[in-house]
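Data block for my_file_26.cif (mmCIF, C-alpha atoms):
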```
data_final
loop_
_atom_site.label_atom_id
_atom_site.label_comp_id
_atom_site.auth_asym_id
_atom_site.auth_seq_id
_atom_site.Cartn_x
_atom_site.Cartn_y
_atom_site.Cartn_z
CA MET A 1 3.11 20.59 5.64
CA GLN A 2 0.80 17.81 4.49
CA ASN A 3 -1.09 15.84 7.04
CA GLN A 4 -0.75 12.06 7.11
CA GLU A 5 -4.05 11.43 5.31
CA GLU A 6 -3.06 13.73 2.42
CA THR A 7 0.34 12.04 2.18
CA LEU A 8 -1.30 8.61 2.02
CA SER A 9 -3.75 9.79 -0.69
CA LEU A 10 -0.90 11.23 -2.75
CA THR A 11 1.18 8.07 -2.42
CA PHE A 12 -1.69 5.75 -3.33
CA ALA A 13 -2.52 7.95 -6.35
CA ALA A 14 1.11 7.81 -7.55
CA LEU A 15 1.06 4.01 -7.24
CA THR A 16 -2.08 3.48 -9.38
CA SER A 17 0.09 3.32 -12.53
CA PRO A 18 1.95 0.08 -13.40
CA THR A 19 4.57 2.19 -15.24
CA ARG A 20 5.25 4.28 -12.14
CA ARG A 21 5.51 1.13 -10.03
CA ALA A 22 7.99 -0.28 -12.59
CA ILE A 23 10.03 2.95 -12.41
CA LEU A 24 10.24 2.55 -8.63
CA ALA A 25 11.29 -1.09 -8.98
CA ARG A 26 14.05 0.00 -11.38
CA LEU A 27 15.23 2.79 -9.03
CA ALA A 28 15.31 0.36 -6.10
CA GLN A 29 18.33 -1.15 -7.90
CA GLY A 30 20.13 2.20 -8.07
CA GLU A 31 19.82 5.74 -9.43
CA ALA A 32 19.05 6.32 -13.11
CA THR A 33 18.70 9.28 -15.45
CA VAL A 34 15.44 10.06 -17.22
CA ASN A 35 17.00 8.69 -20.45
CA GLN A 36 17.95 5.46 -18.73
CA LEU A 37 14.42 5.15 -17.34
CA ALA A 38 12.74 5.91 -20.69
CA GLU A 39 14.63 3.17 -22.56
CA PRO A 40 13.24 -0.07 -21.10
CA PHE A 41 9.69 1.31 -21.07
CA ASN A 42 9.84 2.26 -24.74
CA MET A 43 8.24 5.61 -23.89
CA SER A 44 8.90 9.15 -25.10
CA LEU A 45 10.89 11.42 -22.79
CA PRO A 46 7.90 13.74 -22.20
CA ALA A 47 5.72 10.75 -21.24
CA ILE A 48 8.27 9.35 -18.80
CA SER A 49 8.92 12.87 -17.43
CA LYS A 50 5.24 13.20 -16.53
CA HIS A 51 5.39 9.96 -14.54
CA ILE A 52 8.57 11.11 -12.82
CA LYS A 53 6.89 14.39 -11.87
CA VAL A 54 3.99 12.51 -10.24
CA LEU A 55 6.40 10.29 -8.30
CA GLU A 56 8.42 13.34 -7.26
CA ASN A 57 5.30 15.20 -6.05
CA ALA A 58 4.43 12.17 -3.94
CA GLY A 59 7.92 12.21 -2.42
CA LEU A 60 8.72 8.80 -3.90
CA ILE A 61 11.71 9.95 -5.93
CA LYS A 62 14.22 12.76 -5.81
CA GLN A 63 15.91 14.25 -8.84
CA GLY A 64 19.49 15.44 -8.65
CA GLN A 65 20.43 19.00 -9.59
CA LYS A 66 23.57 18.39 -11.66
CA ALA A 67 23.07 20.02 -15.08
CA GLN A 68 22.81 17.58 -18.04
CA TYR A 69 22.92 14.64 -15.68
CA ARG A 70 20.05 14.66 -13.20
CA PRO A 71 19.80 11.14 -11.80
CA CYS A 72 16.59 10.04 -10.09
CA THR A 73 16.82 8.23 -6.77
CA ILE A 74 14.08 6.41 -4.90
CA ASP A 75 12.81 7.65 -1.54
CA VAL A 76 11.06 4.79 0.24
CA LYS A 77 9.64 6.78 3.19
CA PRO A 78 6.12 6.97 1.67
CA LEU A 79 6.25 3.22 0.92
CA LYS A 80 7.07 2.58 4.56
CA GLU A 81 4.02 4.68 5.52
CA ILE A 82 1.84 2.50 3.30
CA SER A 83 3.33 -0.64 4.78
CA ASN A 84 2.57 0.72 8.28
CA TRP A 85 -0.97 1.61 7.20
CA THR A 86 -1.68 -1.95 5.99
CA GLU A 87 -0.45 -3.36 9.32
CA GLN A 88 -3.74 -2.40 11.03
CA TYR A 89 -5.43 -5.08 8.87
CA ARG A 90 -2.85 -7.82 9.31
CA HIS A 91 -4.69 -9.46 12.23
CA ILE A 92 -7.70 -9.94 9.93
CA TRP A 93 -5.87 -11.71 7.11
CA GLU A 94 -3.78 -13.71 9.55
CA SER A 95 -6.86 -14.92 11.39
CA SER A 96 -8.55 -15.89 8.10
CA PHE A 97 -5.47 -17.90 7.10
CA ASP A 98 -5.64 -19.59 10.50
CA ARG A 99 -9.21 -20.58 9.71
CA ILE A 100 -8.20 -21.98 6.31
CA ASP A 101 -5.36 -23.93 7.97
CA GLU A 102 -7.81 -25.30 10.50
CA TYR A 103 -10.19 -26.34 7.72
CA ILE A 104 -7.42 -28.10 5.79
CA ASN A 105 -6.35 -29.91 8.96
CA GLN A 106 -9.92 -31.07 9.53
CA LEU A 107 -10.12 -32.35 5.95
CA ASN A 108 -6.82 -34.20 6.35
CA ASN A 109 -7.98 -35.76 9.61
CA LYS A 110 -11.21 -36.94 8.01
CA GLU A 111 -9.26 -38.46 5.14
CA ASN A 112 -6.89 -40.23 7.54
CA ASN A 113 -9.84 -41.60 9.51
CA ASN A 114 -11.42 -42.97 6.34
CA GLU A 115 -8.30 -44.78 5.23
CA MET B 116 -9.50 -12.80 -14.41
CA GLN B 117 -7.44 -9.72 -13.63
CA ASN B 118 -3.71 -9.98 -13.62
CA GLN B 119 -1.75 -8.97 -10.53
CA GLU B 120 -0.75 -5.55 -11.90
CA GLU B 121 -4.38 -4.65 -12.68
CA THR B 122 -5.45 -5.77 -9.22
CA LEU B 123 -2.76 -3.61 -7.60
CA SER B 124 -3.78 -0.58 -9.72
CA LEU B 125 -7.44 -1.03 -8.78
CA THR B 126 -6.64 -1.40 -5.09
CA PHE B 127 -4.35 1.64 -5.00
CA ALA B 128 -7.02 3.68 -6.84
CA ALA B 129 -9.68 2.65 -4.30
CA LEU B 130 -7.37 3.70 -1.46
CA THR B 131 -6.71 7.24 -2.77
CA SER B 132 -9.79 8.52 -0.90
CA PRO B 133 -9.57 9.23 2.87
CA THR B 134 -13.32 8.50 3.13
CA ARG B 135 -12.90 5.06 1.57
CA ARG B 136 -9.96 4.34 3.91
CA ALA B 137 -12.17 5.39 6.86
CA ILE B 138 -14.96 3.07 5.64
CA LEU B 139 -12.46 0.18 5.61
CA ALA B 140 -11.26 1.08 9.11
CA ARG B 141 -14.89 1.04 10.31
CA LEU B 142 -15.57 -2.33 8.62
CA ALA B 143 -12.44 -3.81 10.17
CA GLN B 144 -14.39 -3.60 13.44
CA GLY B 145 -17.33 -5.56 12.04
CA GLU B 146 -19.97 -5.53 9.30
CA ALA B 147 -22.17 -2.47 8.80
CA THR B 148 -25.11 -1.47 6.62
CA VAL B 149 -24.87 1.43 4.17
CA ASN B 150 -26.98 3.51 6.60
CA GLN B 151 -24.63 2.74 9.47
CA LEU B 152 -21.66 3.71 7.32
CA ALA B 153 -23.27 6.95 6.10
CA GLU B 154 -23.98 8.24 9.61
CA PRO B 155 -20.51 8.97 11.05
CA PHE B 156 -19.31 10.46 7.75
CA ASN B 157 -22.25 12.87 7.55
CA MET B 158 -22.69 11.98 3.88
CA SER B 159 -25.74 11.35 1.75
CA LEU B 160 -26.63 7.75 0.97
CA PRO B 161 -25.90 8.18 -2.78
CA ALA B 162 -22.45 9.64 -1.96
CA ILE B 163 -21.52 6.83 0.41
CA SER B 164 -22.98 4.26 -2.03
CA LYS B 165 -20.58 5.49 -4.72
CA HIS B 166 -17.62 4.96 -2.39
CA ILE B 167 -18.90 1.50 -1.48
CA LYS B 168 -19.20 0.61 -5.16
CA VAL B 169 -15.55 1.59 -5.76
CA LEU B 170 -14.42 -0.50 -2.78
CA GLU B 171 -16.55 -3.41 -3.98
CA ASN B 172 -15.11 -3.23 -7.51
CA ALA B 173 -11.63 -3.37 -6.00
CA GLY B 174 -12.61 -6.47 -4.02
CA LEU B 175 -12.10 -4.66 -0.72
CA ILE B 176 -15.64 -5.12 0.53
CA LYS B 177 -18.49 -7.53 -0.05
CA GLN B 178 -22.15 -6.63 0.23
CA GLY B 179 -24.66 -9.16 1.55
CA GLN B 180 -27.71 -10.13 -0.48
CA LYS B 181 -30.42 -10.08 2.21
CA ALA B 182 -33.20 -7.67 1.09
CA GLN B 183 -33.53 -4.48 3.17
CA TYR B 184 -30.50 -5.39 5.19
CA ARG B 185 -27.38 -5.71 3.07
CA PRO B 186 -24.42 -5.47 5.43
CA CYS B 187 -20.99 -4.66 4.05
CA THR B 188 -18.02 -6.73 5.18
CA ILE B 189 -14.34 -6.04 4.61
CA ASP B 190 -12.21 -8.34 2.46
CA VAL B 191 -8.56 -7.80 3.31
CA LYS B 192 -7.01 -9.92 0.54
CA PRO B 193 -6.16 -6.87 -1.64
CA LEU B 194 -4.62 -5.15 1.41
CA LYS B 195 -2.44 -8.19 1.97
CA GLU B 196 -1.32 -7.93 -1.68
CA ILE B 197 -0.31 -4.31 -1.10
CA SER B 198 1.52 -5.23 2.05
CA ASN B 199 3.41 -7.94 0.10
CA TRP B 200 4.16 -5.46 -2.67
CA THR B 201 5.76 -2.97 -0.24
CA GLU B 202 7.95 -5.76 1.19
CA GLN B 203 10.29 -5.56 -1.83
CA TYR B 204 11.34 -2.10 -0.58
CA ARG B 205 11.70 -2.97 3.11
CA HIS B 206 15.46 -3.67 2.84
CA ILE B 207 15.92 -0.08 1.61
CA TRP B 208 14.14 1.66 4.47
CA GLU B 209 15.62 -0.73 6.99
CA SER B 210 19.14 -0.07 5.75
CA SER B 211 18.55 3.71 5.90
CA PHE B 212 17.40 3.35 9.51
CA ASP B 213 20.51 1.32 10.19
CA ARG B 214 22.55 4.21 8.82
CA ILE B 215 20.71 6.71 11.05
CA ASP B 216 21.27 4.44 14.06
CA GLU B 217 24.94 4.22 13.17
CA TYR B 218 25.17 8.02 12.90
CA ILE B 219 23.47 8.52 16.30
CA ASN B 220 25.84 5.99 17.86
CA GLN B 221 28.82 7.86 16.41
CA LEU B 222 27.47 11.17 17.81
CA ASN B 223 26.96 9.56 21.24
CA ASN B 224 30.46 8.12 21.18
CA LYS B 225 31.94 11.50 20.31
CA GLU B 226 29.99 13.11 23.14
CA ASN B 227 31.19 10.48 25.59
CA ASN B 228 34.80 10.98 24.47
CA ASN B 229 34.49 14.73 25.01
CA GLU B 230 33.15 14.42 28.56
#
```

Write out the structure in this file as structure tokens.
Amino acid sequence: MQNQEETLSLTFAALTSPTRRAILARLAQGEATVNQLAEPFNMSLPAISKHIKVLENAGLIKQGQKAQYRPCTIDVKPLKEISNWTEQYRHIWESSFDRIDEYINQLNNKENNNE
Amino acid sequence: MQNQEETLSLTFAALTSPTRRAILARLAQGEATVNQLAEPFNMSLPAISKHIKVLENAGLIKQGQKAQYRPCTIDVKPLKEISNWTEQYRHIWESSFDRIDEYINQLNNKENNNE
């Protein structure tokens, strides 16, 4: 059983590749076979299979067991974990946007006073 | 200027290390010097400096320019980008929780009917 830190590291590592992120975006629309995934990316089957293996190891996709036809499906649980992890920083970016809003309001007020 | 995909890749890569995530968590509480960061992690200054460099390259921290005392501060903009990126998958995990809720309700109903 992985601990939460290891799971996060594995998920972040899987998401460092734009191709793997694009595969996830495709699978969010529905399951697809390796062939179907390889096509739009103009990649060889071995290349796309490597990416799929990384995503599978990170728990981000599951591959069916039907012979010949092994569709990949997305598993969003690790993405939810990442979303939860970023939440601890939300108060910081929200407060900095508040400060920008405040600054813009001050500028607008000055402008109105000068009119 | 990096494009959005490159920025995401760089941010995810910086976040693959539990130590770098812990540094960010520390900096979320306020600025700290490299020495102050090195202490709780029981790491050498060169080792912690390497991590800081990776975080800085990913735009996740900024280092002050005052000689002797160069405090690091967190910059959460890339974390906000990640949070936004995960949002495209929220409907999937929310609908799977809905299905689990529905299943639990059905079980409870059955139980009530059997009483």

In a least-squares superposition of chain B on chain A that uses all C-alpha atoms paired in order, the RMSD is 0.2 Å

Result set of the PyMOL selection byres ((chain B) within 6 of (chain A)) on the coordinates above, as a VMD selection string:
chain B and resid 124 127 to 128 131 198

Fewer than 4 positions away in the same chain doesn't count, so skip those; otherwise give me all residues within 9 Å of Asn150 in chain B, counting only C-alpha atoms, as a PyMOL selection string.
chain B and resi 154+160+163

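Take CA of Leu27 in chain A and CA of Ala58 in chain A: the distance between them is 15.2 Å.
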
Quick one: pull the distance between CA of Tyr69 in chain A and CA of Thr33 in chain A, Å, one decimal.
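Those two atoms sit 6.8 Å apart.
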
Atom-to-atom span, CA of Pro40 in chain A and CA of Pro71 in chain A, Å:
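Value for the CA of Pro40 in chain A-CA of Pro71 in chain A distance: 16.0 Å.
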
Counting all atoms listed in the file, figure out which residue out of B:Pro193, B:Ser210, B:Arg141, B:Ala162 gets nearest to Leu175 in chain B.
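Of the candidates, the smallest distance to Leu175 in chain B is held by B:Pro193.
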
Which residues fall under the PyMOL selection byres ((chain B and resi 167) around 10) in this file, as a list in words?
Ala129, Arg135, Ile138, Leu139, Val149, Leu152, Pro161, Ala162, Ile163, Ser164, Lys165, His166, Lys168, Val169, Leu170, Glu171, Asn172, Ala173, Leu175, Ile176, Lys177, Gln178 and Cys187 of chain B

Some atoms are absent from range 39-58 of chain A, so rebuild N, CA, C and O atoms and return them as a PDB file, keeping the file's coordinate frame.
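Here's the written file result-v4.pdb:
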```
ATOM      1  N   GLU A  39      14.257   4.246 -21.652  1.00  0.00           N
ATOM      2  CA  GLU A  39      14.630   3.170 -22.560  1.00  0.00           C
ATOM      3  C   GLU A  39      13.844   1.867 -22.403  1.00  0.00           C
ATOM      4  O   GLU A  39      13.166   1.451 -23.337  1.00  0.00           O
ATOM      5  N   PRO A  40      13.914   1.244 -21.207  1.00  0.00           N
ATOM      6  CA  PRO A  40      13.240  -0.070 -21.100  1.00  0.00           C
ATOM      7  C   PRO A  40      11.728   0.018 -21.275  1.00  0.00           C
ATOM      8  O   PRO A  40      11.087  -0.963 -21.643  1.00  0.00           O
ATOM      9  N   PHE A  41      11.149   1.195 -20.990  1.00  0.00           N
ATOM     10  CA  PHE A  41       9.690   1.310 -21.070  1.00  0.00           C
ATOM     11  C   PHE A  41       9.221   1.684 -22.479  1.00  0.00           C
ATOM     12  O   PHE A  41       8.033   1.755 -22.731  1.00  0.00           O
ATOM     13  N   ASN A  42      10.190   1.932 -23.359  1.00  0.00           N
ATOM     14  CA  ASN A  42       9.840   2.260 -24.740  1.00  0.00           C
ATOM     15  C   ASN A  42       8.841   3.422 -24.780  1.00  0.00           C
ATOM     16  O   ASN A  42       7.814   3.373 -25.456  1.00  0.00           O
ATOM     17  N   MET A  43       9.127   4.445 -23.978  1.00  0.00           N
ATOM     18  CA  MET A  43       8.240   5.610 -23.890  1.00  0.00           C
ATOM     19  C   MET A  43       9.016   6.852 -24.318  1.00  0.00           C
ATOM     20  O   MET A  43      10.239   6.899 -24.216  1.00  0.00           O
ATOM     21  N   SER A  44       8.265   7.879 -24.756  1.00  0.00           N
ATOM     22  CA  SER A  44       8.900   9.150 -25.100  1.00  0.00           C
ATOM     23  C   SER A  44       9.396   9.814 -23.810  1.00  0.00           C
ATOM     24  O   SER A  44       8.895   9.542 -22.715  1.00  0.00           O
ATOM     25  N   LEU A  45      10.389  10.705 -23.965  1.00  0.00           N
ATOM     26  CA  LEU A  45      10.890  11.420 -22.790  1.00  0.00           C
ATOM     27  C   LEU A  45       9.798  12.248 -22.110  1.00  0.00           C
ATOM     28  O   LEU A  45       9.709  12.236 -20.881  1.00  0.00           O
ATOM     29  N   PRO A  46       8.949  12.972 -22.885  1.00  0.00           N
ATOM     30  CA  PRO A  46       7.900  13.740 -22.200  1.00  0.00           C
ATOM     31  C   PRO A  46       6.947  12.844 -21.392  1.00  0.00           C
ATOM     32  O   PRO A  46       6.535  13.207 -20.292  1.00  0.00           O
ATOM     33  N   ALA A  47       6.639  11.655 -21.942  1.00  0.00           N
ATOM     34  CA  ALA A  47       5.720  10.750 -21.240  1.00  0.00           C
ATOM     35  C   ALA A  47       6.343  10.265 -19.935  1.00  0.00           C
ATOM     36  O   ALA A  47       5.702  10.262 -18.881  1.00  0.00           O
ATOM     37  N   ILE A  48       7.609   9.856 -20.016  1.00  0.00           N
ATOM     38  CA  ILE A  48       8.270   9.350 -18.800  1.00  0.00           C
ATOM     39  C   ILE A  48       8.474  10.500 -17.804  1.00  0.00           C
ATOM     40  O   ILE A  48       8.362  10.311 -16.592  1.00  0.00           O
ATOM     41  N   SER A  49       8.728  11.710 -18.318  1.00  0.00           N
ATOM     42  CA  SER A  49       8.920  12.870 -17.430  1.00  0.00           C
ATOM     43  C   SER A  49       7.664  13.172 -16.628  1.00  0.00           C
ATOM     44  O   SER A  49       7.747  13.543 -15.456  1.00  0.00           O
ATOM     45  N   LYS A  50       6.515  12.984 -17.241  1.00  0.00           N
ATOM     46  CA  LYS A  50       5.240  13.200 -16.530  1.00  0.00           C
ATOM     47  C   LYS A  50       5.123  12.232 -15.350  1.00  0.00           C
ATOM     48  O   LYS A  50       4.741  12.614 -14.250  1.00  0.00           O
ATOM     49  N   HIS A  51       5.450  10.959 -15.611  1.00  0.00           N
ATOM     50  CA  HIS A  51       5.390   9.960 -14.540  1.00  0.00           C
ATOM     51  C   HIS A  51       6.362  10.305 -13.424  1.00  0.00           C
ATOM     52  O   HIS A  51       6.050  10.169 -12.241  1.00  0.00           O
ATOM     53  N   ILE A  52       7.557  10.756 -13.816  1.00  0.00           N
ATOM     54  CA  ILE A  52       8.570  11.110 -12.820  1.00  0.00           C
ATOM     55  C   ILE A  52       8.090  12.280 -11.964  1.00  0.00           C
ATOM     56  O   ILE A  52       8.283  12.293 -10.742  1.00  0.00           O
ATOM     57  N   LYS A  53       7.418  13.234 -12.605  1.00  0.00           N
ATOM     58  CA  LYS A  53       6.890  14.390 -11.870  1.00  0.00           C
ATOM     59  C   LYS A  53       5.874  13.947 -10.816  1.00  0.00           C
ATOM     60  O   LYS A  53       5.892  14.419  -9.671  1.00  0.00           O
ATOM     61  N   VAL A  54       5.001  13.009 -11.193  1.00  0.00           N
ATOM     62  CA  VAL A  54       3.990  12.510 -10.240  1.00  0.00           C
ATOM     63  C   VAL A  54       4.666  11.822  -9.060  1.00  0.00           C
ATOM     64  O   VAL A  54       4.310  12.039  -7.894  1.00  0.00           O
ATOM     65  N   LEU A  55       5.679  10.995  -9.373  1.00  0.00           N
ATOM     66  CA  LEU A  55       6.400  10.290  -8.300  1.00  0.00           C
ATOM     67  C   LEU A  55       7.145  11.277  -7.404  1.00  0.00           C
ATOM     68  O   LEU A  55       7.209  11.109  -6.191  1.00  0.00           O
ATOM     69  N   GLU A  56       7.686  12.320  -8.014  1.00  0.00           N
ATOM     70  CA  GLU A  56       8.420  13.340  -7.260  1.00  0.00           C
ATOM     71  C   GLU A  56       7.457  14.107  -6.340  1.00  0.00           C
ATOM     72  O   GLU A  56       7.770  14.348  -5.170  1.00  0.00           O
ATOM     73  N   ASN A  57       6.296  14.479  -6.867  1.00  0.00           N
ATOM     74  CA  ASN A  57       5.300  15.200  -6.050  1.00  0.00           C
ATOM     75  C   ASN A  57       4.846  14.367  -4.860  1.00  0.00           C
ATOM     76  O   ASN A  57       4.494  14.915  -3.821  1.00  0.00           O
ATOM     77  N   ALA A  58       4.841  13.051  -5.033  1.00  0.00           N
ATOM     78  CA  ALA A  58       4.430  12.170  -3.940  1.00  0.00           C
ATOM     79  C   ALA A  58       5.600  11.851  -3.009  1.00  0.00           C
ATOM     80  O   ALA A  58       5.438  11.086  -2.062  1.00  0.00           O
TER      81      ALA A  58
END
```
